[in-house]
file coords.txt (compact mmCIF, C-alpha atoms)
# COMPACT_ATOMS: atom_id res chain seq x y z
CA MET O 281 -145.41 -37.10 63.40
CA ALA O 282 -141.87 -37.48 62.05
CA ASP O 283 -139.22 -35.05 63.20
CA GLY O 284 -138.04 -32.93 60.29
CA THR O 285 -135.06 -31.72 62.29
CA ALA O 286 -133.75 -35.29 62.52
CA ILE O 287 -132.08 -34.75 59.15
CA ARG O 288 -129.86 -31.89 57.98
CA CYS O 289 -130.09 -30.09 54.67
CA GLN O 290 -126.65 -31.37 53.75
CA GLU O 291 -127.98 -34.91 54.13
CA VAL O 292 -131.23 -34.17 52.30
CA VAL O 293 -129.36 -33.32 49.09
CA GLU O 294 -127.68 -36.75 49.21
CA ILE O 295 -130.89 -38.78 49.51
CA VAL O 296 -133.02 -36.74 47.14
CA THR O 297 -132.54 -39.30 44.35
CA ASP O 298 -133.46 -42.18 46.64
CA TYR O 299 -136.60 -40.21 47.50
CA LEU O 300 -137.51 -39.49 43.88
CA GLU O 301 -136.81 -43.11 42.94
CA GLY O 302 -139.13 -44.33 45.67
CA ARG O 303 -136.29 -46.19 47.35
CA LEU O 304 -136.28 -44.49 50.75
CA PRO O 305 -137.61 -46.65 53.60
CA PRO O 306 -141.03 -45.41 54.80
CA ASP O 307 -139.67 -44.01 58.07
CA ASP O 308 -137.08 -42.02 56.18
CA VAL O 309 -139.71 -40.74 53.75
CA ALA O 310 -141.66 -39.41 56.73
CA VAL O 311 -138.59 -37.61 58.09
CA PHE O 312 -137.66 -36.33 54.62
CA GLU O 313 -141.14 -34.90 54.02
CA ALA O 314 -141.34 -33.46 57.53
CA HIS O 315 -138.04 -31.71 56.81
CA LEU O 316 -139.42 -30.28 53.57
CA ASP O 317 -142.37 -28.89 55.53
CA LEU O 318 -139.91 -26.97 57.69
CA CYS O 319 -137.30 -26.02 55.14
CA ASP O 320 -137.86 -23.74 52.14
CA GLY O 321 -134.28 -24.32 51.02
CA CYS O 322 -134.67 -28.07 50.66
CA ARG O 323 -138.11 -27.71 49.09
CA ARG O 324 -136.55 -25.46 46.47
CA TYR O 325 -133.68 -27.91 46.04
CA LEU O 326 -136.08 -30.79 45.36
CA ASP O 327 -137.92 -28.57 42.93
CA GLN O 328 -134.66 -27.69 41.16
CA MET O 329 -133.88 -31.38 40.89
CA ARG O 330 -137.26 -32.10 39.27
CA ILE O 331 -136.74 -29.23 36.84
CA THR O 332 -133.25 -30.57 36.07
CA ILE O 333 -134.69 -33.99 35.23
CA ASP O 334 -137.26 -32.33 32.98
CA ALA O 335 -134.52 -30.31 31.25
CA VAL O 336 -132.38 -33.40 30.66
CA GLY O 337 -135.40 -35.08 29.09
CA ARG O 338 -135.45 -32.33 26.47
CA ILE O 339 -131.92 -32.79 25.25
CA GLU O 340 -131.73 -32.94 21.48
CA HIS O 341 -130.61 -36.02 19.66
CA ALA O 342 -126.93 -36.20 18.93
CA ASP O 343 -125.97 -35.95 15.28
CA VAL O 344 -125.53 -39.36 13.72
CA PRO O 345 -122.29 -39.51 11.70
CA PRO O 346 -123.41 -39.54 8.03
CA ALA O 347 -121.33 -42.60 7.14
CA LEU O 348 -122.90 -44.61 9.93
CA ARG O 349 -126.40 -43.46 9.03
CA ASP O 350 -125.85 -44.32 5.38
CA THR O 351 -124.46 -47.76 6.18
CA VAL O 352 -127.30 -48.79 8.44
CA LEU O 353 -129.94 -47.25 6.16
CA ASP O 354 -128.46 -49.15 3.21
CA ALA O 355 -128.65 -52.36 5.20
CA PHE O 356 -132.24 -51.58 6.14
CA ARG O 357 -133.20 -50.87 2.53
CA ALA O 358 -131.38 -53.95 1.27
CA ARG O 359 -133.40 -56.10 3.61
CA PHE O 360 -136.64 -54.97 2.01
CA ARG O 361 -135.45 -55.03 -1.57
CA PRO O 362 -137.16 -57.84 -3.45
CA MET T 288 -141.11 -40.10 26.50
CA PRO T 289 -139.61 -36.62 26.58
CA ARG T 290 -139.69 -34.71 23.32
CA PRO T 291 -136.46 -33.14 22.10
CA VAL T 292 -136.47 -29.40 21.64
CA GLY T 293 -135.90 -28.21 18.11
CA SER T 294 -134.23 -31.38 16.95
CA ARG T 295 -133.15 -31.25 13.36
CA HIS T 296 -133.92 -34.90 12.97
CA VAL T 297 -137.13 -36.52 11.99
CA THR T 298 -138.57 -37.54 15.31
CA LEU T 299 -141.04 -40.15 16.32
CA ALA T 300 -144.16 -38.92 17.98
CA PRO T 301 -143.78 -39.45 21.71
CA THR T 302 -146.92 -41.52 21.62
CA THR T 303 -145.54 -43.98 19.09
CA LYS T 304 -146.19 -47.36 20.63
CA ASP T 305 -143.77 -50.21 20.44
CA ASP T 306 -146.21 -52.30 18.40
CA GLU T 307 -146.77 -49.52 15.92
CA LEU T 308 -143.05 -48.78 15.61
CA LEU T 309 -142.23 -52.45 15.15
CA ALA T 310 -144.90 -52.79 12.50
CA ARG T 311 -143.46 -49.79 10.66
CA LEU T 312 -139.93 -51.18 10.84
CA ARG T 313 -141.03 -54.60 9.65
CA ALA T 314 -142.84 -52.94 6.78
CA GLY T 315 -139.59 -51.26 5.72
CA ASP T 316 -140.49 -47.73 6.84
CA GLU T 317 -137.20 -45.88 6.38
CA THR T 318 -138.38 -42.71 8.10
CA ALA T 319 -139.25 -44.60 11.26
CA PHE T 320 -135.96 -46.46 11.13
CA GLU T 321 -133.85 -43.35 10.60
CA ALA T 322 -135.67 -41.53 13.40
CA LEU T 323 -135.02 -44.41 15.76
CA VAL T 324 -131.33 -44.50 14.82
CA ALA T 325 -131.09 -40.77 15.52
CA GLN T 326 -133.03 -40.99 18.74
CA LEU T 327 -130.90 -43.73 20.25
CA TYR T 328 -127.52 -42.73 18.81
CA GLY T 329 -126.22 -40.62 21.70
CA THR T 330 -127.17 -43.19 24.30
CA MET T 331 -125.85 -46.11 22.26
CA LEU T 332 -122.54 -44.37 21.69
CA MET T 333 -122.22 -43.67 25.40
CA VAL T 334 -122.97 -47.27 26.34
CA ALA T 335 -120.45 -48.48 23.76
CA ARG T 336 -117.82 -46.09 25.11
CA THR T 337 -118.05 -47.58 28.55
CA TYR T 338 -116.80 -50.83 27.01
CA VAL T 339 -114.36 -49.68 24.34
CA LYS T 340 -111.81 -46.91 24.71
CA ASP T 341 -111.77 -45.49 21.26
CA ARG T 342 -114.57 -43.31 19.95
CA ALA T 343 -114.18 -44.64 16.41
CA VAL T 344 -114.41 -48.22 17.68
CA ALA T 345 -117.48 -47.27 19.73
CA GLU T 346 -119.09 -45.90 16.57
CA GLU T 347 -118.32 -49.19 14.82
CA VAL T 348 -119.98 -51.03 17.69
CA VAL T 349 -123.11 -48.90 17.30
CA GLN T 350 -123.10 -49.55 13.58
CA GLU T 351 -122.70 -53.30 14.05
CA ALA T 352 -125.52 -53.25 16.58
CA TRP T 353 -127.86 -51.61 14.07
CA LEU T 354 -126.89 -54.13 11.43
CA GLY T 355 -127.75 -56.80 13.99
CA VAL T 356 -131.08 -55.12 14.63
CA VAL T 357 -131.87 -55.05 10.91
CA GLN T 358 -131.01 -58.72 10.56
CA GLY T 359 -132.91 -59.70 13.69
CA LEU T 360 -136.12 -57.69 13.24
CA ASP T 361 -138.16 -60.80 12.50
CA ARG T 362 -136.74 -62.60 15.51
CA PHE T 363 -137.79 -59.91 17.99
CA GLU T 364 -140.47 -61.51 20.13
CA GLY T 365 -141.61 -58.56 22.19
CA ARG T 366 -140.56 -60.06 25.51
CA SER T 367 -138.86 -56.76 26.29
CA SER T 368 -139.53 -53.34 24.83
CA LEU T 369 -138.09 -52.75 21.38
CA LYS T 370 -135.61 -50.20 22.70
CA THR T 371 -134.44 -52.59 25.40
CA TRP T 372 -133.91 -55.30 22.81
CA ILE T 373 -131.87 -52.91 20.67
CA LEU T 374 -129.73 -51.89 23.65
CA ALA T 375 -129.20 -55.54 24.57
CA ILE T 376 -127.82 -56.19 21.08
CA LEU T 377 -125.54 -53.18 21.49
CA VAL T 378 -124.29 -54.27 24.90
CA ASN T 379 -123.48 -57.72 23.51
CA GLN T 380 -121.50 -56.20 20.64
CA ALA T 381 -119.75 -53.78 22.97
CA ARG T 382 -118.84 -56.50 25.46
CA THR T 383 -117.41 -58.67 22.72
CA ARG T 384 -115.33 -55.78 21.41
CA GLY T 385 -114.35 -54.69 24.89
CA THR T 386 -113.14 -58.17 25.76
CA ARG T 387 -111.20 -58.32 22.54
CA GLU T 388 -109.57 -55.04 23.53
CA ALA T 389 -108.93 -56.50 27.00
CA ARG T 390 -110.66 -53.65 28.68
CA SER T 391 -112.01 -54.43 32.12
CA VAL T 392 -115.76 -54.31 32.67
CA PRO T 393 -116.40 -50.66 33.45
CA PHE T 394 -119.33 -50.90 35.81
CA ALA T 395 -117.37 -53.00 38.30
CA ALA T 396 -115.35 -49.99 39.45
CA LEU T 397 -118.14 -47.50 39.20
CA ALA T 398 -118.70 -46.84 42.88
CA ARG T 399 -115.28 -45.19 42.98
CA ASP T 400 -116.01 -43.15 39.88
CA ASP T 401 -116.25 -39.82 41.60
CA ASP T 402 -117.06 -39.37 45.20
CA GLY T 403 -117.80 -35.66 45.43
CA PRO T 404 -120.85 -34.47 47.37
CA ALA T 405 -124.04 -33.45 45.55
CA VAL T 406 -123.65 -29.85 46.72
CA GLU T 407 -120.42 -28.09 47.70
CA PRO T 408 -119.86 -28.25 51.48
CA GLU T 409 -119.36 -24.45 51.59
CA ARG T 410 -123.06 -24.04 50.86
CA PHE T 411 -123.86 -25.43 54.32
CA ARG T 412 -123.29 -24.11 57.83
CA GLY T 413 -120.29 -25.49 59.69
CA PRO T 414 -120.14 -27.59 62.88
CA ASP T 415 -119.92 -24.55 65.18
CA ASP T 416 -123.06 -22.97 63.77
CA PRO T 417 -126.35 -23.28 65.68
CA TYR T 418 -127.71 -25.06 62.57
CA PRO T 419 -124.85 -27.26 61.37
CA GLY T 420 -125.45 -28.73 57.95
CA GLY T 421 -128.17 -26.20 57.17
CA TRP T 422 -128.15 -24.00 54.07
CA ARG T 423 -126.10 -20.82 54.43
CA SER T 424 -128.41 -19.29 51.88
CA PHE T 425 -131.29 -21.07 50.21
CA PRO T 426 -131.17 -22.22 46.61
CA ALA T 427 -133.18 -19.99 44.28
CA ASP T 428 -136.87 -20.67 43.78
CA TRP T 429 -137.23 -21.91 40.19
CA SER T 430 -140.83 -23.07 40.47
CA ALA T 431 -142.46 -20.01 38.93
CA ALA T 432 -139.97 -20.07 36.03
CA ALA T 433 -139.96 -23.84 35.48
CA ASP T 434 -141.61 -23.74 32.05
CA ARG T 435 -139.32 -20.98 30.87
CA ILE T 436 -136.24 -22.81 32.17
CA VAL T 437 -136.96 -26.12 30.48
CA GLY T 438 -138.16 -24.38 27.32
CA ASP T 439 -134.93 -22.41 26.91
CA ARG T 440 -132.59 -23.97 24.35
CA GLU T 441 -129.47 -22.52 25.94
CA THR T 442 -130.41 -24.08 29.27
CA ILE T 443 -130.83 -27.45 27.57
CA ARG T 444 -127.40 -27.02 25.97
CA VAL T 445 -125.93 -26.31 29.39
CA ALA T 446 -127.43 -29.58 30.61
CA MET T 447 -126.02 -31.37 27.58
CA ARG T 448 -122.53 -29.99 28.16
CA ALA T 449 -122.68 -30.87 31.85
CA ILE T 450 -123.55 -34.45 30.93
CA ALA T 451 -120.70 -34.59 28.43
CA GLU T 452 -118.25 -33.82 31.24
CA LEU T 453 -119.43 -36.67 33.48
CA PRO T 454 -117.56 -39.96 33.75
CA PRO T 455 -118.83 -42.38 31.05
CA THR T 456 -120.71 -44.60 33.49
CA GLN T 457 -122.68 -41.62 34.85
CA GLN T 458 -123.33 -40.33 31.35
CA THR T 459 -124.65 -43.71 30.34
CA VAL T 460 -127.04 -43.98 33.25
CA ILE T 461 -128.43 -40.43 33.09
CA ARG T 462 -128.88 -40.70 29.32
CA MET T 463 -130.67 -44.02 29.56
CA ARG T 464 -132.86 -42.94 32.46
CA ASP T 465 -133.61 -39.28 31.88
CA VAL T 466 -133.06 -38.77 28.15
CA GLU T 467 -134.35 -42.06 26.78
CA GLY T 468 -136.71 -42.99 29.58
CA TYR T 469 -135.50 -46.52 30.30
CA SER T 470 -136.62 -47.81 33.71
CA SER T 471 -134.08 -48.48 36.46
CA HIS T 472 -134.91 -52.16 36.07
CA GLU T 473 -134.06 -52.06 32.36
CA VAL T 474 -130.83 -50.14 32.95
CA CYS T 475 -129.67 -52.58 35.62
CA GLY T 476 -130.46 -55.57 33.43
CA LEU T 477 -128.79 -54.16 30.34
CA LEU T 478 -125.64 -52.91 32.02
CA GLY T 479 -125.30 -55.64 34.62
CA VAL T 480 -125.20 -53.13 37.44
CA SER T 481 -126.93 -53.40 40.80
CA GLU T 482 -129.97 -51.27 41.55
CA ALA T 483 -128.10 -49.44 44.31
CA ASN T 484 -125.10 -48.66 42.12
CA GLN T 485 -127.33 -47.51 39.31
CA ARG T 486 -128.97 -45.10 41.72
CA VAL T 487 -125.61 -43.79 42.97
CA LEU T 488 -124.55 -43.04 39.39
CA LEU T 489 -127.87 -41.40 38.60
CA HIS T 490 -127.66 -39.32 41.76
CA ARG T 491 -124.18 -38.04 41.01
CA ALA T 492 -125.05 -37.30 37.44
CA ARG T 493 -128.28 -35.43 38.22
CA SER T 494 -126.58 -33.52 41.04
CA ARG T 495 -123.82 -32.35 38.67
CA VAL T 496 -126.29 -31.29 36.03
CA ARG T 497 -128.42 -29.41 38.59
CA ALA T 498 -125.31 -27.57 39.77
CA ALA T 499 -124.46 -26.61 36.19
CA LEU T 500 -127.99 -25.33 35.59
CA GLU T 501 -127.82 -23.38 38.82
CA ARG T 502 -124.60 -21.66 37.73
CA HIS T 503 -126.22 -20.87 34.40
CA ILE T 504 -129.57 -19.68 35.75
CA ASP T 505 -128.60 -17.93 38.97
CA GLY T 506 -125.12 -16.82 37.90
call {"tool": "encode", "arguments": {"input": "coords.txt", "output": "structure tokens"}}
result
Amino acid sequence: MADGTAIRCQEVVEIVTDYLEGRLPPDDVAVFEAHLDLCDGCRRYLDQMRITIDAVGRIEHADVPPALRDTVLDAFRARFRP
Amino acid sequence: MPRPVGSRHVTLAPTTKDDELLARLRAGDETAFEALVAQLYGTMLMVARTYVKDRAVAEEVVQEAWLGVVQGLDRFEGRSSLKTWILAILVNQARTRGTREARSVPFAALARDDDGPAVEPERFRGPDDPYPGGWRSFPADWSAAADRIVGDRETIRVAMRAIAELPPTQQTVIRMRDVEGYSSHEVCGLLGVSEANQRVLLHRARSRVRAALERHIDG
């Protein structure tokens, strides 16, 4: 059983991305998850990070400048004009 | 692929497959083309801006890239995803312009971009505390409100503004990964950045955005 006290909360927040990306070595994953079992604060932090990623995924498209859109659409149309 | 909230643009169904999209583009489907241009614009502009200083020049680079895409549609062989192919054309254009402008390659210096911690040190107990490095007070529990949080347009705008304030390299990586859904492998290949550095940039960017959401949600 990994020791969840082997890592501090202040360190957890710096390796949370490595964890989510699946890039933590297996031993570190065990310590990380053992820490989460002990620590509501870090569990909430991980949760906030997942919610943040979800929120970023819902960002609206930026407005395309009309001149740019018209130019590329014209080129697209021209390509299919007989 | 995440779906934008309330976008004013025509959007592609999240389930639109590469093959189907390519077939529509090759058939001259303007709606599909315009939607794709709108979908990728923010990310393409950001990538371009890491290579060229000027916003107007970056817009030109994006435009040239799309003209290249239009010309090259028949040459696309499907060895990468369509979006990866489009970004590769953009990166080539941007590099050429960036070299012409004698701007150094941006991702070389990225590890020194911004070295702040993910969470302010004051949030943690000090060295003399019985629990050094532990939370002084726990972050709020968002789990029960998760759907409401991500469904709230103002919250999404806060995330967008937080991203806009990041250094360009971080903006590029978080947009490609979390807005457009490129894989880390694709991002590394397109930007010529190592896997580890890509992750550092993503980490900083996500940490900043989380902090901004926290200020917005918990006050």
call {"tool": "residues_around", "arguments": {"input": "coords.txt", "residues": "stretch 474-480 of chain T", "least_positions_apart": "6", "cutoff": "9 Å", "atoms": "all atoms listed in the file", "output": "PyMOL selection string"}}
result
chain T and resi 334+371+374-375+378+394-395+460+463-464
call {"tool": "interface_residues", "arguments": {"input": "coords.txt", "of": "chain O", "to": "chain T", "cutoff": "9 Å", "atoms": "only C-alpha atoms", "output": "mmCIF file with C-alpha atoms, in the frame of the given file"}}
result
data_model
loop_
_atom_site.group_PDB
_atom_site.id
_atom_site.type_symbol
_atom_site.label_atom_id
_atom_site.label_comp_id
_atom_site.auth_asym_id
_atom_site.auth_seq_id
_atom_site.Cartn_x
_atom_site.Cartn_y
_atom_site.Cartn_z
ATOM 1 C CA ARG O 288 -129.860 -31.890 57.980
ATOM 2 C CA CYS O 289 -130.090 -30.090 54.670
ATOM 3 C CA GLN O 290 -126.650 -31.370 53.750
ATOM 4 C CA GLU O 291 -127.980 -34.910 54.130
ATOM 5 C CA VAL O 293 -129.360 -33.320 49.090
ATOM 6 C CA GLU O 294 -127.680 -36.750 49.210
ATOM 7 C CA ILE O 295 -130.890 -38.780 49.510
ATOM 8 C CA VAL O 296 -133.020 -36.740 47.140
ATOM 9 C CA THR O 297 -132.540 -39.300 44.350
ATOM 10 C CA ASP O 298 -133.460 -42.180 46.640
ATOM 11 C CA GLU O 301 -136.810 -43.110 42.940
ATOM 12 C CA ASP O 320 -137.860 -23.740 52.140
ATOM 13 C CA GLY O 321 -134.280 -24.320 51.020
ATOM 14 C CA CYS O 322 -134.670 -28.070 50.660
ATOM 15 C CA ARG O 323 -138.110 -27.710 49.090
ATOM 16 C CA ARG O 324 -136.550 -25.460 46.470
ATOM 17 C CA TYR O 325 -133.680 -27.910 46.040
ATOM 18 C CA ASP O 327 -137.920 -28.570 42.930
ATOM 19 C CA GLN O 328 -134.660 -27.690 41.160
ATOM 20 C CA MET O 329 -133.880 -31.380 40.890
ATOM 21 C CA ILE O 331 -136.740 -29.230 36.840
ATOM 22 C CA THR O 332 -133.250 -30.570 36.070
ATOM 23 C CA ILE O 333 -134.690 -33.990 35.230
ATOM 24 C CA ASP O 334 -137.260 -32.330 32.980
ATOM 25 C CA ALA O 335 -134.520 -30.310 31.250
ATOM 26 C CA VAL O 336 -132.380 -33.400 30.660
ATOM 27 C CA GLY O 337 -135.400 -35.080 29.090
ATOM 28 C CA ARG O 338 -135.450 -32.330 26.470
ATOM 29 C CA ILE O 339 -131.920 -32.790 25.250
ATOM 30 C CA GLU O 340 -131.730 -32.940 21.480
ATOM 31 C CA HIS O 341 -130.610 -36.020 19.660
ATOM 32 C CA ALA O 342 -126.930 -36.200 18.930
ATOM 33 C CA ASP O 343 -125.970 -35.950 15.280
ATOM 34 C CA VAL O 344 -125.530 -39.360 13.720
ATOM 35 C CA PRO O 345 -122.290 -39.510 11.700
ATOM 36 C CA LEU O 348 -122.900 -44.610 9.930
ATOM 37 C CA ARG O 349 -126.400 -43.460 9.030
ATOM 38 C CA THR O 351 -124.460 -47.760 6.180
ATOM 39 C CA VAL O 352 -127.300 -48.790 8.440
ATOM 40 C CA LEU O 353 -129.940 -47.250 6.160
ATOM 41 C CA ALA O 355 -128.650 -52.360 5.200
ATOM 42 C CA PHE O 356 -132.240 -51.580 6.140
ATOM 43 C CA ARG O 357 -133.200 -50.870 2.530
ATOM 44 C CA ARG O 359 -133.400 -56.100 3.610
ATOM 45 C CA PHE O 360 -136.640 -54.970 2.010
#
call {"tool": "atom_distance", "arguments": {"input": "coords.txt", "atom1": "atom CA of T:Ile504", "atom2": "atom CA of T:Gly413"}}
result
26.3 Å
call {"tool": "closest_residue", "arguments": {"input": "coords.txt", "among": "O:Leu326, O:Cys319, O:Ala282, O:Ile287", "to": "O:Pro306", "atoms": "all atoms listed in the file"}}
result
O:Ala282
call {"tool": "atom_distance", "arguments": {"input": "coords.txt", "atom1": "atom CA of O:Leu318", "atom2": "atom CA of O:Gly284"}}
result
6.8 Å
call {"tool": "atom_distance", "arguments": {"input": "coords.txt", "atom1": "atom CA of T:Glu473", "atom2": "atom CA of T:Arg448"}}
result
25.3 Å
call {"tool": "build_atoms", "arguments": {"input": "coords.txt", "residues": "stretch 311-344 of chain O", "atoms": "N, CA and C atoms", "output": "CSV table (one decimal), keeping the file's coordinate frame"}}
result
chain,number,residue,atom,x,y,z
O,311,VAL,N,-139.5,-38.6,57.6
O,311,VAL,CA,-138.6,-37.6,58.1
O,311,VAL,C,-138.2,-36.6,57.0
O,312,PHE,N,-138.0,-37.1,55.8
O,312,PHE,CA,-137.7,-36.3,54.6
O,312,PHE,C,-138.8,-35.3,54.3
O,313,GLU,N,-140.0,-35.8,54.3
O,313,GLU,CA,-141.1,-34.9,54.0
O,313,GLU,C,-141.4,-33.9,55.2
O,314,ALA,N,-141.2,-34.4,56.4
O,314,ALA,CA,-141.3,-33.5,57.5
O,314,ALA,C,-140.3,-32.4,57.4
O,315,HIS,N,-139.1,-32.7,57.0
O,315,HIS,CA,-138.0,-31.7,56.8
O,315,HIS,C,-138.4,-30.7,55.7
O,316,LEU,N,-139.0,-31.2,54.6
O,316,LEU,CA,-139.4,-30.3,53.6
O,316,LEU,C,-140.5,-29.3,54.1
O,317,ASP,N,-141.3,-29.8,55.0
O,317,ASP,CA,-142.4,-28.9,55.5
O,317,ASP,C,-141.8,-27.7,56.3
O,318,LEU,N,-140.6,-28.0,56.9
O,318,LEU,CA,-139.9,-27.0,57.7
O,318,LEU,C,-139.0,-26.1,56.9
O,319,CYS,N,-138.5,-26.6,55.8
O,319,CYS,CA,-137.3,-26.0,55.1
O,319,CYS,C,-137.6,-25.6,53.7
O,320,ASP,N,-137.7,-24.3,53.5
O,320,ASP,CA,-137.9,-23.7,52.1
O,320,ASP,C,-136.7,-24.1,51.2
O,321,GLY,N,-135.5,-24.1,51.8
O,321,GLY,CA,-134.3,-24.3,51.0
O,321,GLY,C,-134.3,-25.7,50.4
O,322,CYS,N,-134.7,-26.7,51.2
O,322,CYS,CA,-134.7,-28.1,50.7
O,322,CYS,C,-135.9,-28.3,49.7
O,323,ARG,N,-137.0,-27.6,50.0
O,323,ARG,CA,-138.1,-27.7,49.1
O,323,ARG,C,-137.7,-27.2,47.7
O,324,ARG,N,-137.0,-26.0,47.7
O,324,ARG,CA,-136.6,-25.5,46.5
O,324,ARG,C,-135.5,-26.4,45.8
O,325,TYR,N,-134.7,-27.0,46.6
O,325,TYR,CA,-133.7,-27.9,46.0
O,325,TYR,C,-134.4,-29.1,45.3
O,326,LEU,N,-135.3,-29.7,46.0
O,326,LEU,CA,-136.1,-30.8,45.4
O,326,LEU,C,-136.7,-30.3,44.1
O,327,ASP,N,-137.3,-29.2,44.1
O,327,ASP,CA,-137.9,-28.6,42.9
O,327,ASP,C,-136.9,-28.4,41.8
O,328,GLN,N,-135.7,-27.9,42.2
O,328,GLN,CA,-134.7,-27.7,41.2
O,328,GLN,C,-134.3,-29.0,40.6
O,329,MET,N,-134.2,-30.1,41.4
O,329,MET,CA,-133.9,-31.4,40.9
O,329,MET,C,-134.9,-31.9,39.9
O,330,ARG,N,-136.2,-31.7,40.2
O,330,ARG,CA,-137.3,-32.1,39.3
O,330,ARG,C,-137.2,-31.3,38.0
O,331,ILE,N,-136.9,-30.0,38.1
O,331,ILE,CA,-136.7,-29.2,36.8
O,331,ILE,C,-135.5,-29.7,36.0
O,332,THR,N,-134.5,-30.0,36.7
O,332,THR,CA,-133.2,-30.6,36.1
O,332,THR,C,-133.6,-31.8,35.3
O,333,ILE,N,-134.3,-32.7,35.9
O,333,ILE,CA,-134.7,-34.0,35.2
O,333,ILE,C,-135.5,-33.7,34.0
O,334,ASP,N,-136.4,-32.7,34.1
O,334,ASP,CA,-137.3,-32.3,33.0
O,334,ASP,C,-136.4,-31.8,31.9
O,335,ALA,N,-135.4,-30.9,32.2
O,335,ALA,CA,-134.5,-30.3,31.2
O,335,ALA,C,-133.7,-31.4,30.5
O,336,VAL,N,-133.2,-32.3,31.3
O,336,VAL,CA,-132.4,-33.4,30.7
O,336,VAL,C,-133.2,-34.2,29.7
O,337,GLY,N,-134.5,-34.4,30.0
O,337,GLY,CA,-135.4,-35.1,29.1
O,337,GLY,C,-135.6,-34.4,27.8
O,338,ARG,N,-135.2,-33.1,27.7
O,338,ARG,CA,-135.4,-32.3,26.5
O,338,ARG,C,-134.2,-32.2,25.6
O,339,ILE,N,-133.2,-32.9,26.0
O,339,ILE,CA,-131.9,-32.8,25.2
O,339,ILE,C,-132.1,-33.3,23.8
O,340,GLU,N,-131.6,-32.6,22.9
O,340,GLU,CA,-131.7,-32.9,21.5
O,340,GLU,C,-130.9,-34.2,21.2
O,341,HIS,N,-131.4,-34.9,20.1
O,341,HIS,CA,-130.6,-36.0,19.7
O,341,HIS,C,-129.2,-35.6,19.2
O,342,ALA,N,-128.3,-36.5,19.5
O,342,ALA,CA,-126.9,-36.2,18.9
O,342,ALA,C,-127.0,-36.4,17.4
O,343,ASP,N,-126.1,-35.7,16.7
O,343,ASP,CA,-126.0,-36.0,15.3
O,343,ASP,C,-125.4,-37.3,15.0
O,344,VAL,N,-126.0,-38.1,14.1
O,344,VAL,CA,-125.5,-39.4,13.7
O,344,VAL,C,-124.5,-39.1,12.6
